[in-house]
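Visitor: Would you mind keeping the following structure in view while I ask a few things?
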Amino acid sequence: MTSTSDSRDLRAELESLTTEAFRPELAGIDRLPTLDIARLMNGEDATVAGAVAARLPQIAAAIDALAERMARGGRLVYAGAGTAGRLGVLDASECPPTFNTDPDRVVGLIAGGPQAVVTSVEGAEDSPELARADLEPLGLTPDDTVVGISASGRTPYAIGAVEYARTRGSLTIGLACNPGSPLAAAAEHGIEIVVGPELLTGSTRLKAGTAQKLVLNMLSTITMIRLGKTYGNLMVDVRASNDKLRARSHRIVALATGAADEEIERALAATDGEVKNAILTLLADVDGPTAARLLTESDGHLRAALAAATGTPQTDTP
């Protein structure tokens, strides 16, 4: 149970955070017409992209370090509590269908376990020991990267995850929305997206959540681009697991090759639906097994495989 003095200390700490600041000019927001509230909220959201832009050098440096490790077989692990944890789980869960990654390569951990994605698990975020317990079964290595996510930048679970990861030699990134945060200080790469006070005092699922989502999009997407998961801006490693994705796969092959529908269907059939392989069979005029071999030898980079097959450097976008 939290003591009275601890409670006072926590209140004082929250009052010092920009994400928790009270905005008296919005005290009457509940009496405004709905359209006016929507305009206010939209205006607030419009400031987030600028806050992210101010930290692009730090984000890019973190991505380069992350991609280098993932190219060696490392994993990307997100760790957070509440909204921050859910955003990490969401980003991790989108990587297999979007980039055909093994589910074990990008992992989302949330304080309190999977049930905390839909139901709040009280007190879980206050335990750095819980973060260690969640990370230990992964057997972290120096090729892995752990991203601690916390709007306040003071969540013990996120800080504990980063601190434990450093003892294992893993790369660490701390993503927060307050300046001078303990989380950013604990990580090798601190990224602080300062979005300011929220429309609703302390509701950090709003601007802070949006900022975190934008940065996580960059971390995973640009890393996957660096790993050869795209050809130009085409998702050539998409996993066709439903009708929509099968249609998308066909369209991506068409955009990359300009081939006729019948040729595309034959190519996809010959490569078990693997978009990247199908593109290579069409552009390099090779069979399915040869395409698979060339891609393996090129570490999955389609441009490099095309260059090896045709003897022509691939520099232009499709």
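In the structure tokens, chains take the letters A, B, ... in the order shown, each chain's residues start at 1, and ligands count up from 1 in the order shown.
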Going by DSSP on the backbone, which residues of stretch 164-260 of chain A come out as helix (DSSP H, G or I)? List them as a ChimeraX atom specification.
Guide: /A:164-167,182-186,207-226,243-257
Visitor: Please write the residues from the selection above to a file, keeping C-alpha atoms, as a CSV table (one decimal), in the first residue's frame.
Guide:
chain,number,residue,atom,x,y,z
A,164,TYR,CA,17.8,-5.1,-17.7
A,165,ALA,CA,18.4,-5.1,-21.4
A,166,ARG,CA,21.6,-3.1,-20.9
A,167,THR,CA,22.9,-5.8,-18.6
A,182,PRO,CA,14.6,8.9,-16.5
A,183,LEU,CA,13.7,6.5,-19.4
A,184,ALA,CA,15.6,8.4,-22.0
A,185,ALA,CA,18.5,8.8,-19.6
A,186,ALA,CA,18.6,5.0,-19.0
A,207,LYS,CA,-1.2,13.6,-28.3
A,208,ALA,CA,1.4,11.5,-26.4
A,209,GLY,CA,-0.1,8.3,-27.7
A,210,THR,CA,-0.2,9.7,-31.3
A,211,ALA,CA,3.4,10.8,-31.0
A,212,GLN,CA,4.5,7.3,-29.8
A,213,LYS,CA,2.5,5.7,-32.6
A,214,LEU,CA,4.3,7.9,-35.2
A,215,VAL,CA,7.7,7.0,-33.8
A,216,LEU,CA,7.0,3.3,-33.6
A,217,ASN,CA,5.8,3.4,-37.2
A,218,MET,CA,9.2,4.8,-38.1
A,219,LEU,CA,11.2,2.4,-36.0
A,220,SER,CA,9.6,-0.7,-37.6
A,221,THR,CA,8.9,0.5,-41.1
A,222,ILE,CA,12.3,2.1,-41.8
A,223,THR,CA,14.1,-0.8,-40.3
A,224,MET,CA,12.2,-3.2,-42.6
A,225,ILE,CA,13.1,-1.0,-45.6
A,226,ARG,CA,16.7,-1.2,-44.5
A,243,ASP,CA,-8.4,-12.5,-49.9
A,244,LYS,CA,-7.5,-8.8,-49.5
A,245,LEU,CA,-3.8,-9.5,-49.1
A,246,ARG,CA,-3.9,-11.9,-52.1
A,247,ALA,CA,-5.4,-9.2,-54.2
A,248,ARG,CA,-2.8,-6.8,-52.9
A,249,SER,CA,0.0,-9.3,-53.7
A,250,HIS,CA,-1.1,-9.5,-57.3
A,251,ARG,CA,-1.3,-5.7,-57.5
A,252,ILE,CA,2.2,-5.3,-56.1
A,253,VAL,CA,3.7,-7.7,-58.6
A,254,ALA,CA,1.9,-5.8,-61.4
A,255,LEU,CA,3.3,-2.5,-60.2
A,256,ALA,CA,6.8,-3.8,-59.9
A,257,THR,CA,6.8,-5.7,-63.2
Visitor: Using only C-alpha atoms, which protein or nucleic acid residues come within 8 Å of A:Ile173? Drop anything in the same chain fewer than 3 positions from it, and give the result as a PyMOL selection string.
Guide: chain A and resi 62+145-148+162+184+187-191
Visitor: Could you write out that same residue set with N, CA and C atoms as a PDB file, in the first residue's frame?
Guide:
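The resulting file, again39.pdb, is reproduced below:
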ATOM      1  N   ALA A  62      18.723   5.989 -33.953  1.00  0.00           N
ATOM      2  CA  ALA A  62      18.234   4.770 -33.298  1.00  0.00           C
ATOM      3  C   ALA A  62      17.880   3.701 -34.332  1.00  0.00           C
ATOM      4  N   THR A 145      17.299  -5.542 -29.635  1.00  0.00           N
ATOM      5  CA  THR A 145      17.024  -4.151 -29.276  1.00  0.00           C
ATOM      6  C   THR A 145      15.762  -4.107 -28.430  1.00  0.00           C
ATOM      7  N   VAL A 146      15.813  -3.424 -27.310  1.00  0.00           N
ATOM      8  CA  VAL A 146      14.651  -3.252 -26.442  1.00  0.00           C
ATOM      9  C   VAL A 146      14.275  -1.780 -26.418  1.00  0.00           C
ATOM     10  N   VAL A 147      13.009  -1.512 -26.737  1.00  0.00           N
ATOM     11  CA  VAL A 147      12.486  -0.145 -26.754  1.00  0.00           C
ATOM     12  C   VAL A 147      11.535   0.025 -25.576  1.00  0.00           C
ATOM     13  N   GLY A 148      11.921   0.819 -24.599  1.00  0.00           N
ATOM     14  CA  GLY A 148      11.031   1.158 -23.499  1.00  0.00           C
ATOM     15  C   GLY A 148      10.149   2.320 -23.908  1.00  0.00           C
ATOM     16  N   VAL A 162      14.543  -1.420 -19.925  1.00  0.00           N
ATOM     17  CA  VAL A 162      15.746  -0.864 -20.540  1.00  0.00           C
ATOM     18  C   VAL A 162      16.983  -1.182 -19.698  1.00  0.00           C
ATOM     19  N   ALA A 184      14.644   8.061 -20.971  1.00  0.00           N
ATOM     20  CA  ALA A 184      15.608   8.444 -22.004  1.00  0.00           C
ATOM     21  C   ALA A 184      17.030   8.400 -21.461  1.00  0.00           C
ATOM     22  N   ALA A 187      18.473   4.820 -21.398  1.00  0.00           N
ATOM     23  CA  ALA A 187      18.690   4.146 -22.676  1.00  0.00           C
ATOM     24  C   ALA A 187      19.875   4.739 -23.432  1.00  0.00           C
ATOM     25  N   GLU A 188      20.452   3.941 -24.324  1.00  0.00           N
ATOM     26  CA  GLU A 188      21.523   4.440 -25.176  1.00  0.00           C
ATOM     27  C   GLU A 188      20.996   5.493 -26.147  1.00  0.00           C
ATOM     28  N   HIS A 189      19.798   5.270 -26.646  1.00  0.00           N
ATOM     29  CA  HIS A 189      19.163   6.215 -27.551  1.00  0.00           C
ATOM     30  C   HIS A 189      17.883   6.736 -26.904  1.00  0.00           C
ATOM     31  N   GLY A 190      17.926   7.969 -26.425  1.00  0.00           N
ATOM     32  CA  GLY A 190      16.746   8.577 -25.830  1.00  0.00           C
ATOM     33  C   GLY A 190      16.009   9.414 -26.864  1.00  0.00           C
ATOM     34  N   ILE A 191      14.713   9.158 -26.997  1.00  0.00           N
ATOM     35  CA  ILE A 191      13.881   9.918 -27.933  1.00  0.00           C
ATOM     36  C   ILE A 191      12.745  10.545 -27.133  1.00  0.00           C
TER      37      ILE A 191
END
Visitor: Report as CSV the residues of stretch 118-236 of chain A within 9 Å of stretch 262-283 of chain A, each with its shortest atom pair and distance in Å (one decimal), using only C-alpha atoms, ordered by chain and increasing residue number.
Guide:
residue,atom,partner,partner_atom,distance
A:Lys229,CA,A:Lys276,CA,8.8
A:Thr230,CA,A:Lys276,CA,8.7
A:Tyr231,CA,A:Lys276,CA,8.4
A:Met235,CA,A:Val275,CA,8.6
A:Val236,CA,A:Lys276,CA,5.0
Visitor: DSSP says strand (DSSP E or B) for which residues of stretch 19-261 of chain A? Put them as a PDB file with N, CA and C atoms, in the first residue's frame?
Guide:
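Written output follows (selection29.pdb):
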ATOM      1  N   LEU A  76      13.543  -7.128 -32.250  1.00  0.00           N
ATOM      2  CA  LEU A  76      13.048  -5.841 -31.759  1.00  0.00           C
ATOM      3  C   LEU A  76      11.985  -6.130 -30.713  1.00  0.00           C
ATOM      4  N   VAL A  77      12.199  -5.620 -29.503  1.00  0.00           N
ATOM      5  CA  VAL A  77      11.289  -5.890 -28.393  1.00  0.00           C
ATOM      6  C   VAL A  77      10.784  -4.567 -27.834  1.00  0.00           C
ATOM      7  N   TYR A  78       9.473  -4.388 -27.828  1.00  0.00           N
ATOM      8  CA  TYR A  78       8.849  -3.222 -27.224  1.00  0.00           C
ATOM      9  C   TYR A  78       8.404  -3.578 -25.813  1.00  0.00           C
ATOM     10  N   ALA A  79       8.543  -2.636 -24.880  1.00  0.00           N
ATOM     11  CA  ALA A  79       8.103  -2.868 -23.506  1.00  0.00           C
ATOM     12  C   ALA A  79       7.492  -1.599 -22.946  1.00  0.00           C
ATOM     13  N   GLY A  80       6.247  -1.687 -22.500  1.00  0.00           N
ATOM     14  CA  GLY A  80       5.574  -0.533 -21.931  1.00  0.00           C
ATOM     15  C   GLY A  80       4.365  -0.942 -21.135  1.00  0.00           C
ATOM     16  N   VAL A 106       9.786  -9.478 -33.910  1.00  0.00           N
ATOM     17  CA  VAL A 106       9.310  -8.220 -33.328  1.00  0.00           C
ATOM     18  C   VAL A 106       8.287  -8.572 -32.259  1.00  0.00           C
ATOM     19  N   VAL A 107       8.603  -8.230 -31.022  1.00  0.00           N
ATOM     20  CA  VAL A 107       7.818  -8.684 -29.866  1.00  0.00           C
ATOM     21  C   VAL A 107       7.299  -7.479 -29.087  1.00  0.00           C
ATOM     22  N   GLY A 108       6.053  -7.540 -28.684  1.00  0.00           N
ATOM     23  CA  GLY A 108       5.483  -6.494 -27.842  1.00  0.00           C
ATOM     24  C   GLY A 108       5.170  -7.027 -26.453  1.00  0.00           C
ATOM     25  N   LEU A 109       5.768  -6.423 -25.435  1.00  0.00           N
ATOM     26  CA  LEU A 109       5.509  -6.802 -24.042  1.00  0.00           C
ATOM     27  C   LEU A 109       4.750  -5.676 -23.355  1.00  0.00           C
ATOM     28  N   ILE A 110       3.706  -6.046 -22.614  1.00  0.00           N
ATOM     29  CA  ILE A 110       2.936  -5.053 -21.880  1.00  0.00           C
ATOM     30  C   ILE A 110       2.872  -5.466 -20.414  1.00  0.00           C
ATOM     31  N   THR A 145      17.299  -5.542 -29.635  1.00  0.00           N
ATOM     32  CA  THR A 145      17.024  -4.151 -29.276  1.00  0.00           C
ATOM     33  C   THR A 145      15.762  -4.107 -28.430  1.00  0.00           C
ATOM     34  N   VAL A 146      15.813  -3.424 -27.310  1.00  0.00           N
ATOM     35  CA  VAL A 146      14.651  -3.252 -26.442  1.00  0.00           C
ATOM     36  C   VAL A 146      14.275  -1.780 -26.418  1.00  0.00           C
ATOM     37  N   VAL A 147      13.009  -1.512 -26.737  1.00  0.00           N
ATOM     38  CA  VAL A 147      12.486  -0.145 -26.754  1.00  0.00           C
ATOM     39  C   VAL A 147      11.535   0.025 -25.576  1.00  0.00           C
ATOM     40  N   GLY A 148      11.921   0.819 -24.599  1.00  0.00           N
ATOM     41  CA  GLY A 148      11.031   1.158 -23.499  1.00  0.00           C
ATOM     42  C   GLY A 148      10.149   2.320 -23.908  1.00  0.00           C
ATOM     43  N   ILE A 149       8.837   2.194 -23.691  1.00  0.00           N
ATOM     44  CA  ILE A 149       7.882   3.217 -24.127  1.00  0.00           C
ATOM     45  C   ILE A 149       7.105   3.725 -22.916  1.00  0.00           C
ATOM     46  N   SER A 150       7.084   5.032 -22.732  1.00  0.00           N
ATOM     47  CA  SER A 150       6.359   5.619 -21.607  1.00  0.00           C
ATOM     48  C   SER A 150       6.115   7.089 -21.884  1.00  0.00           C
ATOM     49  N   LEU A 171      20.927  -3.432 -27.401  1.00  0.00           N
ATOM     50  CA  LEU A 171      20.712  -2.026 -27.707  1.00  0.00           C
ATOM     51  C   LEU A 171      19.439  -1.563 -27.011  1.00  0.00           C
ATOM     52  N   THR A 172      19.437  -0.344 -26.499  1.00  0.00           N
ATOM     53  CA  THR A 172      18.249   0.158 -25.807  1.00  0.00           C
ATOM     54  C   THR A 172      17.832   1.515 -26.346  1.00  0.00           C
ATOM     55  N   ILE A 173      16.509   1.684 -26.481  1.00  0.00           N
ATOM     56  CA  ILE A 173      15.908   2.930 -26.935  1.00  0.00           C
ATOM     57  C   ILE A 173      14.826   3.306 -25.929  1.00  0.00           C
ATOM     58  N   GLY A 174      14.819   4.549 -25.506  1.00  0.00           N
ATOM     59  CA  GLY A 174      13.803   5.027 -24.576  1.00  0.00           C
ATOM     60  C   GLY A 174      12.934   6.071 -25.241  1.00  0.00           C
ATOM     61  N   LEU A 175      11.646   5.788 -25.390  1.00  0.00           N
ATOM     62  CA  LEU A 175      10.711   6.694 -26.050  1.00  0.00           C
ATOM     63  C   LEU A 175       9.778   7.306 -25.016  1.00  0.00           C
ATOM     64  N   ALA A 176       9.870   8.634 -24.842  1.00  0.00           N
ATOM     65  CA  ALA A 176       9.068   9.341 -23.840  1.00  0.00           C
ATOM     66  C   ALA A 176       8.514  10.625 -24.437  1.00  0.00           C
ATOM     67  N   HIS A 189      19.798   5.270 -26.646  1.00  0.00           N
ATOM     68  CA  HIS A 189      19.163   6.215 -27.551  1.00  0.00           C
ATOM     69  C   HIS A 189      17.883   6.736 -26.904  1.00  0.00           C
ATOM     70  N   GLY A 190      17.926   7.969 -26.425  1.00  0.00           N
ATOM     71  CA  GLY A 190      16.746   8.577 -25.830  1.00  0.00           C
ATOM     72  C   GLY A 190      16.009   9.414 -26.864  1.00  0.00           C
ATOM     73  N   ILE A 191      14.713   9.158 -26.997  1.00  0.00           N
ATOM     74  CA  ILE A 191      13.881   9.918 -27.933  1.00  0.00           C
ATOM     75  C   ILE A 191      12.745  10.545 -27.133  1.00  0.00           C
ATOM     76  N   GLU A 192      12.773  11.850 -26.994  1.00  0.00           N
ATOM     77  CA  GLU A 192      11.754  12.548 -26.213  1.00  0.00           C
ATOM     78  C   GLU A 192      10.935  13.451 -27.131  1.00  0.00           C
ATOM     79  N   TYR A 231      10.585  -3.036 -52.026  1.00  0.00           N
ATOM     80  CA  TYR A 231      11.241  -2.757 -53.308  1.00  0.00           C
ATOM     81  C   TYR A 231      10.700  -1.410 -53.728  1.00  0.00           C
ATOM     82  N   LEU A 234       7.121  -0.471 -52.417  1.00  0.00           N
ATOM     83  CA  LEU A 234       6.209  -1.609 -52.513  1.00  0.00           C
ATOM     84  C   LEU A 234       6.527  -2.629 -51.422  1.00  0.00           C
TER      85      LEU A 234
END
Visitor: Within 12 Å of A:Val194, counting only C-alpha atoms, which residues show up once you throw out same-chain ones fewer than 4 positions away? Write them as a ChimeraX atom specification, please.
Guide: /A:17-20,47-55,151-153,175-181,198,204,207-212
Visitor: Could you write those residues out with C-alpha atoms, as a CSV table (one decimal), in the first residue's frame?
Guide:
chain,number,residue,atom,x,y,z
A,17,LEU,CA,5.4,16.7,-16.1
A,18,THR,CA,4.3,18.6,-19.2
A,19,THR,CA,2.1,15.8,-20.2
A,20,GLU,CA,0.2,16.1,-16.9
A,47,THR,CA,1.0,19.9,-33.5
A,48,VAL,CA,2.3,16.3,-33.0
A,49,ALA,CA,4.0,15.8,-36.4
A,50,GLY,CA,6.1,19.0,-35.7
A,51,ALA,CA,7.1,17.6,-32.3
A,52,VAL,CA,8.2,14.4,-34.0
A,53,ALA,CA,10.1,16.3,-36.7
A,54,ALA,CA,12.2,18.0,-34.1
A,55,ARG,CA,13.6,14.7,-33.0
A,151,ALA,CA,4.6,8.9,-22.1
A,152,SER,CA,5.7,10.2,-18.7
A,153,GLY,CA,9.2,8.8,-19.2
A,175,LEU,CA,10.7,6.7,-26.0
A,176,ALA,CA,9.1,9.3,-23.8
A,177,CYS,CA,7.0,12.5,-24.1
A,178,ASN,CA,8.6,14.6,-21.4
A,179,PRO,CA,12.0,16.3,-21.4
A,180,GLY,CA,14.8,15.1,-19.1
A,181,SER,CA,13.0,11.8,-18.5
A,198,GLU,CA,-3.1,17.2,-23.3
A,204,THR,CA,-1.7,10.7,-22.5
A,207,LYS,CA,-1.2,13.6,-28.3
A,208,ALA,CA,1.4,11.5,-26.4
A,209,GLY,CA,-0.1,8.3,-27.7
A,210,THR,CA,-0.2,9.7,-31.3
A,211,ALA,CA,3.4,10.8,-31.0
A,212,GLN,CA,4.5,7.3,-29.8
Visitor: Hey, which of A:Asp144, A:Glu163, A:Glu297, A:Asp287 ends up closest to A:Arg69? Count only C-alpha atoms.
Guide: A:Asp144
Visitor: Under the rule that only C-alpha atoms are counted, which of A:Val195, A:Leu306, A:Leu140, A:Met41 is the nearest residue to A:Gly169?
Guide: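 Checking each candidate against A:Gly169, we get A:Leu140 as the closest.
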Visitor: Interatomic distance between atom CA of A:Leu138 and atom CA of A:Pro103?
Guide: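 A separation of 12.9 Å between them.
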Visitor: Between atom CA of A:Asp285 and atom CA of A:Asp237, measure the distance and give it in Å to one decimal.
Guide: 19.6 Å
Visitor: Using only C-alpha atoms, I'd like a table of the residues in stretch 139-229 of chain A that come within 10 Å of stretch 24-34 of chain A; for each, show the closest atom pair and its distance in Å rounded to one decimal, ordered by chain and ascending number, as CSV.
Guide:
residue,atom,partner,partner_atom,distance
A:Leu199,CA,A:Leu26,CA,7.5
A:Leu200,CA,A:Leu26,CA,8.4
A:Thr201,CA,A:Leu26,CA,9.5
Visitor: Generate a file of the selected residues that holds C-alpha atoms, formatted as a CSV table (one decimal), in the first residue's frame.
Guide:
chain,number,residue,atom,x,y,z
A,199,LEU,CA,-6.6,18.4,-24.2
A,200,LEU,CA,-7.9,16.4,-21.2
A,201,THR,CA,-5.4,16.7,-18.3
Visitor: With distances taken over only C-alpha atoms, which residue among A:Pro97, A:Pro114, A:Gly202, A:Gly196 lies nearest A:Ser241?
Guide: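 Closest candidate: A:Pro97.
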Visitor: Give me, please, the distance in Å between atom CA of A:Leu295 and atom CA of A:Ile59, quoted to one decimal.
Guide: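 Result for atom CA of A:Leu295 versus atom CA of A:Ile59: 29.3 Å, one decimal.
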Visitor: Hey, what's within 9 Å of A:Ala71 if we count only C-alpha atoms and toss same-chain stuff fewer than 2 positions away? As a list of chain:residue names, please?
Guide: A:Leu66, A:Ala67, A:Glu68, A:Arg69, A:Gly73, A:Gly74, A:Asp143, A:Arg226, A:Leu227, A:Asp299
